[in-house]
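Only one structure is covered here, and it is reproduced in the block below.
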Amino acid sequence: MSSPIKFKIEKKLGGKLGRAGILSTPHGTIQTPAFVTVGTKATVKALSPEQVKDLGAEIVLANTYHLYLQPGDEIIKKNGGLGKFMNWSGPTMTDSGGFQVFSLGAAYGKELSKVTTITDPSLLLPERSDDMDMPKLATVGADGVSFKSHLDGSMHYFTAEKSIEIQHNIGADIIFAFDECTSPVESTRYQEEALFRTHQWAKRSLEYHKSKSQGVNQALFGIVQGGRSEELRKKSAKFLAELSTPDGGFDGFGIGGSFAKEDMSTAVMWVNSVLPEEKPRHLLGIGEPLDLFNGVENGVDLFDCVAPTRMARNGTLYTSDGRINILNAKYMGDISPIDADCGCYTCKNYTRSYLAHLFRAKEMFAGTLASIHNLYFIIHLVKKMRQAILDDNFTEFKEVFLKQYYKGG
RNA sequence: GCGUAGGUGGCAGAGCGGUCAAUUGCAAGAGACUGUAAAUCUCUCGACCUUUGGUCUACGGGGGUUCGAAUCCCUCCCUACGCA
């Protein structure tokens with residue numbers, strides 16, 4: 001059975017794992033490397049699909065867990081699938097709910113996030129404390145994960161099959177295997193246990209997916225885990241790469257986990273040196289400029305991240321000279337655009353002063369204009385990386401950009 | 001003019017003899033945010049001093065009672081409402 005997607009590598013980055021390619025899906029093509037816009041609940045917050053398209057987005061990612069809870073995957077199926085439901089005609093993908101195992105479980109109520117700065121080795125050594133008394137909304141079991149809905153407290157149980165079934169109903173072009181996203185502060189023993197589970201769930205996700213004829217128009221990506229261990233990361237990549245059914249294996253791969261900053265180079269490189277070159281790789285949940293450069297350089301084709309839109313709604317905007325907080329007093333009378341080098345709708349038509357006013361006045365349009373800018377900035381940054389690979393000047397581009405972006409600190 | 005209720009930090013508004021430099025909200029200043037529990041969250045917010053700490057000036061003005069007053073008394077000024 002042939003894959004619903006096709007991936008063609010156009011050019012490789014000399015001496016590195018990076019590459020530029022074209023990914024074809026049932027709803028259009030994506031020029032990679034590419035940044036995937038996050039629209040968790042079947043909407044890119046604060047933006048219309050037209051705005052999302054106009055700012056350069058090629059593909060949107062929604063979330064299985066959120067859409068299952070609200071409005072329910074059957075409703076989306078009844079609407080003709082995710083794309084039709086949200087009026088986005090381009091490619092789509094859904095995350096499996098695996099990240100919610102982390103964000104509503106181990107990370108719930110803690111200072112843990114997707115990229116952590118915890119570097120104290122003592123925090124990495126101890127066995128995982130079985131903190132049953134810590135409140136959380138997700139509990140991992142051998143067979144699946146119990147979720148307590150953050151919306152109404154009701155209990156829900158996700159298994160690999162359940163996640164895939166929901167994702168079939170949602171109907172995105174690319175779907176992900178159910179996985180357990182672990183924190184880098186977990187012990188090696190826990191990482192091994194979690195990886196074993198993730199691999200079992202990957203196998204079951206793939207088998208269930210292939211068993212449903214409905215799934216043929218959807219590509220399934222397996223998700224590599226393994227924490228910060230080179231051994232586990234490579235083992236995971238190998239396992240998933242070799243995993244197959246009579247109808248084939250995974251169509252591509254996600255690289256998951258909660259990372260430390262340096263893992264963007266090391267862990268990603270380990271994984272991508274093992275994964276089959278001819279299949280696309282998606283680095284899940286990563287999207288800060290430095291991380292994007294390191295990901296692309298080490299062979300990542302797709303990224304998704306809430307940072308551009310969340311930061312935007314909170315008043316933090318990307319510029320070539322680094323991030324600015326538009327709420328700072330100094331921008332109230334600043335009549336320059338957010339970024340003089342930016343070609344987005346917001347920068348072409350509005351001043352920092354206006355944005356500062358909208359944010360202070362808590363006007364809804366603030367989130368819209370800021371989201372347009374941040375998404376444009378990040379999406380086009382990755383587009384520029386792609387072009388730089390094609391033009392054989394990636395390394396120079398990276399150096400020049402980062403030097404200016406981080407020169408302040 | 002009489003009566004009543006009030007005058008507290010940028011604003012609103014608690015406190016009603018010591019634990020008050022003063023609850024809380026807003027505003028303001030700054031920070032965080034990486035497969036979205038997020039248009040959210042955290043910190044600061046009288047002045048000065050190097051600190052867990054200390055010193056000073058503060059609850060309309062002035063005076064008093066008291067060991068001690070934003071809190072009680074007197075007086076003046078001002079505000080709102082009611083009656084003339």
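A note on labels: chains of the structure tokens are A, B, ... as shown, every chain counts residues from 1, and ligands are counted from 1 in their shown order.
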- prompt: Taking only C-alpha atoms (C1' of nucleotides) into account, what are the residues of chain A at most 6 Å from chain B, put as a VMD selection string?
  reply: chain A and resid 99 114 to 115 150 284 to 287 307 313
Please report, as a tab-separated table, each residue of range 31-58 of chain B lying at most 12 Å from range 17-24 of chain B, together with the nearest pair of atoms and the separation in Å rounded to one decimal; use only C-alpha atoms (C1' of nucleotides), and order rows by chain and ascending residue number.
residue	atom	partner	partner_atom	distance
B:G46	C1'	B:A21	C1'	7.2
B:A47	C1'	B:A21	C1'	10.6
B:C56	C1'	B:A21	C1'	11.2
B:U57	C1'	B:A21	C1'	10.0
B:A58	C1'	B:A21	C1'	7.7
Next on the checklist: When you look at G25 in chain B with a cut-off of 12 Å (counting only C-alpha atoms (C1' of nucleotides)), what residues show up, excluding the ones that are within fewer than 2 positions of it in the same chain? I need them as number ranges by chain.
Outcome noted: B: 11-14, 23, 27
Selection from above, C-alpha atoms (C1' of nucleotides), as a PDB file, in the first residue's frame, can you write it?
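again_13.pdb was written with the following content:
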ATOM      1  C1'   C B  11      -7.748  55.446  41.166  1.00  0.00           C
ATOM      2  C1'   A B  12     -11.603  52.519  43.629  1.00  0.00           C
ATOM      3  C1'   G B  13     -12.118  50.721  48.271  1.00  0.00           C
ATOM      4  C1'   A B  14     -10.908  47.694  53.241  1.00  0.00           C
ATOM      5  C1'   U B  23      -6.257  43.713  52.928  1.00  0.00           C
ATOM      6  C1'   A B  27      -3.761  51.256  36.902  1.00  0.00           C
TER       7        A B  27
END
Fill in: Members of range 88-286 of chain A assigned strand (DSSP E or B) by DSSP, as a count of residues only
39
| said: Taking 4 positions as the minimum chain separation for residues in the same chain, which residues sit within 10 Å of U71 in chain B when counting only C-alpha atoms (C1' of nucleotides)? Answer as a ChimeraX atom specification. | reply: /B:15-17,59
Exercise: Ala267 in chain A partners within 12 Å, only C-alpha atoms (C1' of nucleotides), chain neighbours under 2 positions left out, as JSON, numbers by chain
{"A": [184, 224, 225, 226, 227, 228, 229, 230, 231, 232, 233, 234, 235, 236, 237, 255, 256, 257, 258, 259, 260, 261, 262, 263, 264, 265, 269, 270, 271, 272, 273, 274, 283, 294, 295, 298, 299, 300]}
Leaving out Tyr318 in chain A and any residue of its chain fewer than 6 positions from it, which residues lie within 7 Å of it when counting only C-alpha atoms (C1' of nucleotides), given as an MDAnalysis selection string?
chainID A and resid 324 374 377
